[in-house]
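Here is final_17.txt, consisting of compact mmCIF, C-alpha atoms:
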```txt
# COMPACT_ATOMS: atom_id res chain seq x y z
CA MET A 1 143.58 74.69 215.07
CA GLU A 2 143.56 76.98 218.10
CA ASN A 3 140.81 77.57 220.69
CA GLY A 4 138.46 75.40 218.64
CA TYR A 5 138.81 77.22 215.32
CA ILE A 6 141.10 77.04 212.29
CA THR A 7 143.63 79.85 212.44
CA PHE A 8 144.94 81.80 209.48
CA THR A 9 148.71 81.25 209.58
CA GLU A 10 151.71 83.07 208.17
CA GLU A 11 152.13 80.29 205.60
CA MET A 12 148.54 80.77 204.42
CA LYS A 13 149.16 84.46 203.80
CA LYS A 14 151.50 83.58 200.90
CA ASP A 15 149.02 81.87 198.60
CA TYR A 16 145.52 81.98 200.11
CA THR A 17 142.74 84.13 198.68
CA ILE A 18 140.64 85.90 201.31
CA LEU A 19 136.98 86.27 200.31
CA ILE A 20 135.16 89.38 201.55
CA PRO A 21 131.34 89.57 201.71
CA ASN A 22 130.08 92.66 199.93
CA MET A 23 128.51 95.10 202.37
CA LEU A 24 129.74 98.49 201.13
CA PRO A 25 131.06 98.23 197.56
CA MET A 26 133.19 101.40 197.50
CA HIS A 27 134.37 101.10 201.10
CA PHE A 28 135.35 97.47 200.79
CA THR A 29 137.07 98.02 197.43
CA LEU A 30 139.39 100.54 199.09
CA ILE A 31 139.86 98.44 202.23
CA SER A 32 140.64 95.44 200.03
CA LYS A 33 143.38 97.46 198.32
CA VAL A 34 144.87 98.37 201.69
CA LEU A 35 144.98 94.68 202.62
CA HIS A 36 146.58 93.92 199.25
CA ASN A 37 149.24 96.51 200.05
CA TYR A 38 150.16 94.50 203.14
CA GLY A 39 150.57 91.22 201.30
CA PHE A 40 147.04 89.78 201.38
CA LYS A 41 145.30 88.46 198.28
CA THR A 42 141.66 89.47 198.61
CA GLU A 43 138.51 89.30 196.53
CA ILE A 44 135.13 90.90 197.20
CA LEU A 45 132.06 88.75 196.48
CA PHE A 46 129.58 90.69 194.35
CA THR A 47 127.29 87.73 193.72
CA GLN A 48 123.53 88.23 194.04
CA GLY A 49 120.35 86.34 193.28
CA GLN A 50 117.94 83.86 194.82
CA GLU A 51 120.59 81.11 194.85
CA ILE A 52 122.51 83.05 197.53
CA LYS A 53 119.48 83.03 199.84
CA ASP A 54 118.70 79.40 199.05
CA THR A 55 122.28 78.35 199.82
CA GLY A 56 122.22 80.20 203.12
CA LEU A 57 118.93 78.61 204.14
CA LYS A 58 120.28 75.18 203.24
CA TYR A 59 123.16 75.41 205.71
CA CYS A 60 121.72 77.40 208.62
CA HIS A 61 118.45 77.50 210.51
CA ASN A 62 115.68 79.52 208.88
CA ASP A 63 115.18 81.45 212.13
CA THR A 64 118.72 82.82 211.79
CA CYS A 65 118.70 86.56 211.08
CA TYR A 66 118.49 87.49 207.42
CA PRO A 67 121.97 89.11 207.09
CA ALA A 68 123.61 85.98 208.50
CA ILE A 69 121.73 83.80 206.00
CA LEU A 70 122.96 86.00 203.16
CA VAL A 71 126.59 86.13 204.30
CA ILE A 72 126.69 82.37 204.86
CA GLY A 73 124.97 81.79 201.52
CA GLN A 74 127.40 84.05 199.68
CA PHE A 75 130.44 82.35 201.23
CA ILE A 76 129.30 78.77 200.60
CA HIS A 77 127.99 79.62 197.13
CA ALA A 78 131.47 80.95 196.27
CA LEU A 79 133.17 77.81 197.62
CA GLN A 80 130.80 75.59 195.64
CA SER A 81 131.19 77.59 192.43
CA GLY A 82 134.45 75.92 191.42
CA LYS A 83 136.11 79.32 191.03
CA TYR A 84 138.23 78.89 194.15
CA ASP A 85 140.41 76.13 195.54
CA PRO A 86 138.80 75.25 198.91
CA ASP A 87 142.28 74.31 200.18
CA ARG A 88 143.69 77.74 199.31
CA VAL A 89 140.94 80.07 200.42
CA ALA A 90 139.97 81.87 203.63
CA LEU A 91 136.95 83.96 204.61
CA ILE A 92 136.87 87.17 206.60
CA MET A 93 134.18 88.60 208.87
CA PHE A 94 134.20 92.19 210.11
CA GLN A 95 133.25 92.36 213.80
CA THR A 96 132.99 95.02 216.50
CA GLY A 97 132.64 92.68 219.47
CA GLY A 98 129.07 93.67 220.35
CA GLY A 99 125.93 91.57 220.23
CA CYS A 100 124.40 89.68 217.27
CA ARG A 101 126.47 89.87 214.07
CA ALA A 102 129.24 91.74 215.86
CA SER A 103 130.44 88.63 217.70
CA ASN A 104 128.26 85.61 216.89
CA TYR A 105 128.19 85.45 213.09
CA ILE A 106 131.63 83.94 212.86
CA ASN A 107 130.56 80.85 214.79
CA LEU A 108 127.44 80.49 212.64
CA ILE A 109 129.63 80.68 209.54
CA ARG A 110 131.97 77.96 210.84
CA LYS A 111 129.06 75.70 211.73
CA ALA A 112 127.57 76.13 208.24
CA LEU A 113 130.96 75.53 206.60
CA ALA A 114 131.39 72.27 208.49
CA LYS A 115 127.89 71.18 207.44
CA ALA A 116 128.74 71.95 203.80
CA GLY A 117 132.04 70.05 203.97
CA TYR A 118 134.33 73.07 204.25
CA GLY A 119 135.17 72.91 207.95
CA HIS A 120 138.87 73.24 207.14
CA VAL A 121 138.44 76.72 205.64
CA PRO A 122 139.79 79.45 207.98
CA VAL A 123 137.40 82.26 208.95
CA ILE A 124 139.30 85.40 209.96
CA SER A 125 137.87 87.74 212.57
CA PHE A 126 138.58 91.34 211.55
CA SER A 127 138.11 92.99 214.93
CA LEU A 128 139.73 95.78 216.92
CA ALA A 129 138.35 94.12 220.03
CA GLY A 130 140.80 91.23 219.61
CA LEU A 131 138.09 88.57 219.64
CA GLU A 132 140.38 85.98 218.06
CA LYS A 133 144.06 85.48 217.25
CA HIS A 134 145.25 84.74 213.71
CA PRO A 135 149.07 84.68 213.32
CA GLY A 136 148.82 85.41 209.60
CA PHE A 137 146.40 88.33 209.96
CA LYS A 138 147.44 91.10 212.31
CA LEU A 139 146.11 94.63 212.26
CA THR A 140 148.85 97.25 212.56
CA LEU A 141 148.60 101.01 213.11
CA PRO A 142 149.85 101.86 209.57
CA MET A 143 147.26 99.47 208.13
CA LEU A 144 144.44 100.94 210.22
CA TYR A 145 145.58 104.46 209.36
CA ARG A 146 145.18 103.75 205.64
CA MET A 147 141.85 102.03 206.22
CA MET A 148 140.57 105.06 208.12
CA TYR A 149 141.13 107.30 205.12
CA ALA A 150 139.65 104.63 202.87
CA VAL A 151 136.44 104.91 204.92
CA PHE A 152 136.42 108.72 204.77
CA TYR A 153 137.01 108.68 201.01
CA ALA A 154 134.22 106.15 200.45
CA ASP A 155 131.80 108.04 202.72
CA LEU A 156 132.42 111.18 200.66
CA LEU A 157 131.93 109.37 197.35
CA MET A 158 128.76 107.67 198.59
CA LEU A 159 127.36 110.98 199.82
CA LEU A 160 128.05 112.96 196.65
CA ARG A 161 126.95 110.16 194.32
CA ASN A 162 123.62 109.84 196.13
CA GLN A 163 123.07 113.60 196.00
CA CYS A 164 123.80 113.82 192.26
CA ILE A 165 122.20 110.70 190.78
CA PRO A 166 118.53 111.84 191.08
CA TYR A 167 119.27 115.15 189.35
CA GLU A 168 121.93 114.30 186.77
CA ILE A 169 121.05 115.26 183.21
CA LYS A 170 123.28 112.61 181.65
CA LYS A 171 122.22 109.36 183.26
CA GLY A 172 125.01 107.24 184.71
CA GLU A 173 127.51 110.10 185.01
CA SER A 174 127.52 110.18 188.82
CA GLU A 175 128.02 106.43 189.12
CA ARG A 176 130.78 106.50 186.52
CA LEU A 177 132.58 109.32 188.35
CA ALA A 178 132.29 107.48 191.68
CA GLU A 179 133.79 104.35 190.10
CA GLU A 180 136.61 106.35 188.52
CA TRP A 181 137.53 107.94 191.84
CA THR A 182 137.25 104.62 193.66
CA ASN A 183 139.71 103.05 191.21
CA ARG A 184 142.04 106.06 191.40
CA LEU A 185 142.05 106.09 195.19
CA ALA A 186 142.48 102.32 195.29
CA GLU A 187 145.69 102.72 193.31
CA GLU A 188 146.87 105.39 195.75
CA MET A 189 146.27 102.95 198.60
CA THR A 190 148.82 100.53 197.18
CA GLY A 191 152.58 100.90 197.14
CA ASN A 192 154.93 102.19 199.79
CA ASN A 193 153.93 105.83 199.45
CA LYS A 194 153.19 107.54 202.74
CA VAL A 195 149.60 108.63 203.32
CA SER A 196 149.74 112.41 203.63
CA TYR A 197 146.76 114.19 205.21
CA LYS A 198 147.54 117.21 203.03
CA LYS A 199 147.14 114.98 199.97
CA VAL A 200 143.96 113.47 201.41
CA LYS A 201 142.37 116.91 201.79
CA GLU A 202 143.45 117.84 198.28
CA ASN A 203 141.69 114.72 197.03
CA TYR A 204 138.57 115.68 199.01
CA LYS A 205 138.46 119.03 197.22
CA LYS A 206 139.02 117.48 193.78
CA ILE A 207 136.28 114.91 194.38
CA VAL A 208 133.81 117.58 195.49
CA GLU A 209 134.71 119.76 192.50
CA ASP A 210 134.23 116.90 190.04
CA PHE A 211 130.77 116.11 191.41
CA ARG A 212 129.88 119.79 191.54
CA ASN A 213 130.57 120.04 187.81
CA ILE A 214 128.06 117.31 186.93
CA PRO A 215 125.16 119.04 185.10
CA ARG A 216 122.02 118.64 187.22
CA GLU A 217 118.37 119.51 186.93
CA GLU A 218 117.07 122.34 189.11
CA ILE A 219 114.21 120.39 190.64
CA LYS A 220 113.34 119.20 194.12
CA LYS A 221 112.80 115.54 194.92
CA PRO A 222 111.75 113.86 198.17
CA ARG A 223 114.65 112.65 200.30
CA VAL A 224 114.38 109.13 201.67
CA GLY A 225 116.72 107.86 204.38
CA ILE A 226 117.85 104.25 204.65
CA VAL A 227 118.53 103.17 208.22
CA GLY A 228 118.56 99.98 210.25
CA GLU A 229 120.77 96.91 210.63
CA ILE A 230 124.17 97.67 209.13
CA PHE A 231 124.28 94.91 206.49
CA VAL A 232 120.72 95.44 205.26
CA LYS A 233 121.23 99.21 205.28
CA TYR A 234 124.34 99.19 203.12
CA SER A 235 124.52 95.96 201.12
CA PRO A 236 122.77 95.78 197.72
CA LEU A 237 122.43 92.05 198.39
CA GLY A 238 120.88 92.68 201.80
CA ASN A 239 118.35 95.31 200.71
CA ASN A 240 117.55 94.01 197.21
CA ASN A 241 119.14 97.07 195.55
CA LEU A 242 116.91 99.42 197.51
CA GLU A 243 118.89 102.53 196.57
CA ASP A 244 118.42 101.90 192.85
CA PHE A 245 114.70 101.26 193.38
CA LEU A 246 114.18 104.50 195.34
CA VAL A 247 116.01 106.53 192.69
CA SER A 248 113.88 104.93 189.96
CA GLU A 249 110.80 106.03 191.92
CA GLY A 250 111.95 109.66 191.93
CA ALA A 251 113.62 109.92 195.34
CA GLU A 252 116.96 111.21 196.57
CA VAL A 253 118.54 108.58 198.80
CA THR A 254 120.32 109.45 202.04
CA VAL A 255 122.48 106.82 203.73
CA PRO A 256 124.52 107.51 206.90
CA GLY A 257 128.28 107.26 206.48
CA LEU A 258 130.31 104.40 207.91
CA VAL A 259 132.32 106.91 209.94
CA ASP A 260 129.20 107.57 212.01
CA PHE A 261 128.96 103.86 212.80
CA CYS A 262 132.62 103.85 213.83
CA LEU A 263 132.01 106.84 216.10
CA TYR A 264 129.07 105.08 217.69
CA CYS A 265 131.27 102.05 218.43
CA VAL A 266 134.01 104.18 219.98
CA TYR A 267 131.50 106.23 221.99
CA ASN A 268 129.92 103.06 223.36
CA ASN A 269 133.30 102.06 224.78
CA ILE A 270 133.72 105.50 226.34
CA MET A 271 130.36 105.15 228.08
CA ASP A 272 131.17 101.60 229.20
CA THR A 273 134.29 103.01 230.84
CA LYS A 274 132.42 105.90 232.43
CA LEU A 275 129.28 104.10 233.63
CA TYR A 276 130.46 100.56 234.32
CA GLY A 277 134.19 100.86 234.86
CA MET A 278 134.89 98.48 231.96
CA ARG A 279 138.32 98.57 230.27
CA LYS A 280 139.42 101.57 232.29
CA GLN A 281 142.98 101.22 231.07
CA LEU A 282 141.73 101.82 227.51
CA GLY A 283 139.55 104.81 228.41
CA PHE A 284 142.14 107.38 227.32
CA ILE A 285 142.63 105.63 223.97
CA TYR A 286 138.87 105.59 223.28
CA LYS A 287 138.57 109.29 224.08
CA PHE A 288 141.55 110.13 221.91
CA ALA A 289 140.13 108.06 219.05
CA TYR A 290 136.76 109.81 219.32
CA LYS A 291 138.29 113.28 219.25
CA PHE A 292 140.59 112.27 216.40
CA LEU A 293 137.78 110.85 214.24
CA THR A 294 135.34 113.70 214.89
CA GLY A 295 138.10 116.16 214.02
CA LYS A 296 138.76 114.39 210.71
CA GLN A 297 135.03 114.25 210.00
CA GLN A 298 134.65 117.97 210.70
CA ASP A 299 137.51 118.73 208.31
CA LEU A 300 135.67 116.82 205.60
CA ILE A 301 132.38 118.57 206.32
CA ASP A 302 134.11 121.97 206.15
CA ILE A 303 135.67 121.10 202.79
CA ILE A 304 132.25 120.14 201.43
CA LYS A 305 130.77 123.42 202.68
CA GLU A 306 133.57 125.50 201.20
CA ASN A 307 133.82 123.81 197.81
CA SER A 308 130.37 122.70 196.81
CA ASP A 309 126.77 123.68 196.38
CA LEU A 310 125.98 120.17 197.65
CA ILE A 311 125.82 121.21 201.29
CA ARG A 312 123.74 118.37 202.74
CA LEU A 313 126.45 116.93 204.89
CA LEU A 314 127.70 113.51 205.89
CA THR A 315 125.23 113.33 208.75
CA SER A 316 122.04 115.17 209.59
CA THR A 317 122.84 114.98 213.28
CA THR A 318 125.64 116.28 215.44
CA PRO A 319 128.06 113.76 216.93
CA CYS A 320 127.20 112.72 220.50
CA PRO A 321 128.90 114.97 223.05
CA LEU A 322 131.64 113.31 225.01
CA PRO A 323 131.18 112.62 228.72
CA ARG A 324 131.82 115.68 230.87
CA ASP A 325 134.99 114.18 232.28
CA ILE A 326 136.52 113.72 228.81
CA SER A 327 139.58 115.75 229.73
CA ARG A 328 140.34 113.68 232.81
```

Could you show the structure in this file as structure tokens?
Amino acid sequence: MENGYITFTEEMKKDYTILIPNMLPMHFTLISKVLHNYGFKTEILFTQGQEIKDTGLKYCHNDTCYPAILVIGQFIHALQSGKYDPDRVALIMFQTGGGCRASNYINLIRKALAKAGYGHVPVISFSLAGLEKHPGFKLTLPMLYRMMYAVFYADLLMLLRNQCIPYEIKKGESERLAEEWTNRLAEEMTGNNKVSYKKVKENYKKIVEDFRNIPREEIKKPRVGIVGEIFVKYSPLGNNNLEDFLVSEGAEVTVPGLVDFCLYCVYNNIMDTKLYGMRKQLGFIYKFAYKFLTGKQQDLIDIIKENSDLIRLLTSTTPCPLPRDISR
């Protein structure tokens, strides 16, 4: 134990299974493969149903925000299922370091685990802000580099799938193609092969071409955007399979990409540096990261424009302009 919490150690890395709450199925499948490539045994929890909510409510206050109830319920439900050895399992929580879920969920999870009799189970903080230290779980630049492309790939697949599903002539073809590409890219994420940006862009073009070739009806359907709290917006568990419901009602679903959320997080840090003088020593890194990510995003948007008739892009808005003193 360190700083009041159970740390994930180097020894645990050898034989512990890390459980991941399902927020973005395609994104987390690819990120899970990246973690596997660096020696971690991971498993995404796809469980759903009323028992998840009931379990969450049993071990945390009913005034706790809904996403926290679901995440806690999914974790404890998994531990109580008998599928995992509670002495050889760890949980992971993705955090940005901001308010609400971004920094506080992890403590709520630990409190609920202790109440359920699993206080010895490590909860890993996956955070670039360095909120906690876990000797057995360290983020490295090569790992983050692979994860970045995993996010871009998944954003592209999510975008094209959502644009094709309402119009596909052969039902299920878009979902099947998205799953095939997710599995194919997941395999590419493993092994010691170097991630080549040339190869990444080739994959972008092939993905766009495959979705372009799906036979679609020439009709117009209303477009419905899903926005809001990140877990409820993306997670089928959090929004009761809202995307499937909207499609069944004759709508085309639009969901912002995860890259846009990442850009928002980076931009917030830039503004904190500019307006409040916070983390000045990291200001250059934040600005570089923002330019780097927006450049990669623009490359992807250009490839979609050049190779597809599906020209409704990753985002309907332009990225926030950088502060005027960005070059300083």

Nearest to His77 (chain A) by atom-to-atom distance, counting only C-alpha atoms, from A:Leu30, A:Ile303, A:Met271, A:Ala112: A:Ala112

Best match for closeness to Lys287 (chain A) among A:Leu237, A:Val266, A:Met23, A:Leu156, counting all atoms listed in the file: A:Val266

Neighbour list for Glu132 (chain A) as a list of chain:residue names, cut-off 12 Å, all atoms listed in the file, skip fewer than 3 positions in-chain: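 Counting all atoms listed in the file, the residues come to A:Glu2, A:Asn3, A:Gly4, A:Tyr5, A:Ile6, A:Thr7, A:Phe8, A:Met93, A:Phe94, A:Gln95, A:Thr96, A:Gly97, A:Ser103, A:Ile106, A:Asn107, A:Val123, A:Ile124, A:Ser125, A:Phe126, A:Ser127, A:Leu128, A:Ala129, A:Pro135, A:Gly136, A:Phe137, A:Lys138, A:Leu139.
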
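Between CA of Ala289 (chain A) and CA of Pro21 (chain A) there is a distance of 26.8 Å.
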
All residues 8 Å or closer to Glu243 (chain A), all atoms listed in the file, same chain fewer than 4 positions away omitted, as a list of chain:residue names: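 Close residues of Glu243 (chain A): A:Pro236, A:Val247, A:Val253.
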
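Put simply, CA of Asn183 (chain A) is 18.3 Å away from CA of Phe40 (chain A).
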
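Minimum distance to Thr294 (chain A) across A:Tyr118, A:Tyr66, A:Trp181, A:Phe152 (counting only C-alpha atoms) occurs at A:Phe152.
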
Selected residue, from A:Ile92, A:Ala114, A:Leu159, A:Met189, that lies nearest to Met147 (chain A) when counting all atoms listed in the file: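 So, comparing all the options, the nearest one is A:Met189.
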
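Using only C-alpha atoms, the nearest neighbour of Pro25 (chain A) within the list A:Tyr149, A:Asp87, A:Tyr234, A:Tyr59 is A:Tyr234.
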
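CA of Tyr167 (chain A) is positioned 5.1 Å from CA of Glu217 (chain A).
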
Selected residue of minimal separation from Ile207 (chain A) among A:Val195, A:Ala186, A:Asn307, A:Val227, counting only C-alpha atoms: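 Looking only at the distances to Ile207 (chain A), the closest residue turns out to be A:Asn307.
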
Within-12 Å shell of (154.2, 99.2, 193.9) in input frame, only C-alpha atoms, as a list in words: Lys33, His36, Asn37, Tyr38, Gly39, Glu187, Glu188, Met189, Thr190, Gly191, Asn192 and Asn193 of chain A

With all atoms of region 239-243 of chain A from the file as input, state the centre and edge lengths in Å to one decimal of the axis-aligned box that has 5 Å extra on each side, as JSON.
```
{"center_x": 118.0, "center_y": 98.3, "center_z": 198.1, "size_x": 12.2, "size_y": 18.5, "size_z": 15.2}
```

Find the residues near region 41-45 of chain A: any atom within 7 Å, counting all atoms listed in the file, skip ones fewer than 6 places away on the same chain, and give them as a PDB file with C-alpha atoms, in the frame of the given file.
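Result file around.pdb:
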```
ATOM      1  CA  TYR A  16     145.520  81.980 200.110  1.00  0.00           C
ATOM      2  CA  THR A  17     142.740  84.130 198.680  1.00  0.00           C
ATOM      3  CA  ILE A  18     140.640  85.900 201.310  1.00  0.00           C
ATOM      4  CA  LEU A  19     136.980  86.270 200.310  1.00  0.00           C
ATOM      5  CA  ILE A  20     135.160  89.380 201.550  1.00  0.00           C
ATOM      6  CA  PRO A  21     131.340  89.570 201.710  1.00  0.00           C
ATOM      7  CA  ASN A  22     130.080  92.660 199.930  1.00  0.00           C
ATOM      8  CA  SER A  32     140.640  95.440 200.030  1.00  0.00           C
TER       9      SER A  32
END
```

Filtering to C-alpha atoms, could region 120-140 of chain A of the supplied structure be written out as a PDB file, in the first residue's frame?
```
ATOM      1  CA  HIS A 120      -7.311  -5.606  -1.520  1.00  0.00           C
ATOM      2  CA  VAL A 121      -7.971  -5.307  -5.268  1.00  0.00           C
ATOM      3  CA  PRO A 122      -5.678  -2.705  -6.913  1.00  0.00           C
ATOM      4  CA  VAL A 123      -7.338   0.095  -8.891  1.00  0.00           C
ATOM      5  CA  ILE A 124      -4.971   1.539 -11.490  1.00  0.00           C
ATOM      6  CA  SER A 125      -5.191   5.191 -12.460  1.00  0.00           C
ATOM      7  CA  PHE A 126      -4.610   5.544 -16.205  1.00  0.00           C
ATOM      8  CA  SER A 127      -3.725   9.225 -16.310  1.00  0.00           C
ATOM      9  CA  LEU A 128      -1.289  11.454 -18.164  1.00  0.00           C
ATOM     10  CA  ALA A 129      -1.610  13.895 -15.292  1.00  0.00           C
ATOM     11  CA  GLY A 130       0.299  11.510 -13.011  1.00  0.00           C
ATOM     12  CA  LEU A 131      -2.424  11.413 -10.367  1.00  0.00           C
ATOM     13  CA  GLU A 132      -1.046   8.221  -8.833  1.00  0.00           C
ATOM     14  CA  LYS A 133       2.054   6.035  -8.985  1.00  0.00           C
ATOM     15  CA  HIS A 134       1.857   2.334  -9.837  1.00  0.00           C
ATOM     16  CA  PRO A 135       5.268   0.624 -10.235  1.00  0.00           C
ATOM     17  CA  GLY A 136       3.783  -2.125 -12.386  1.00  0.00           C
ATOM     18  CA  PHE A 137       1.877   0.212 -14.710  1.00  0.00           C
ATOM     19  CA  LYS A 138       3.898   2.946 -16.362  1.00  0.00           C
ATOM     20  CA  LEU A 139       2.917   4.806 -19.500  1.00  0.00           C
ATOM     21  CA  THR A 140       5.783   5.150 -21.978  1.00  0.00           C
TER      22      THR A 140
END
```
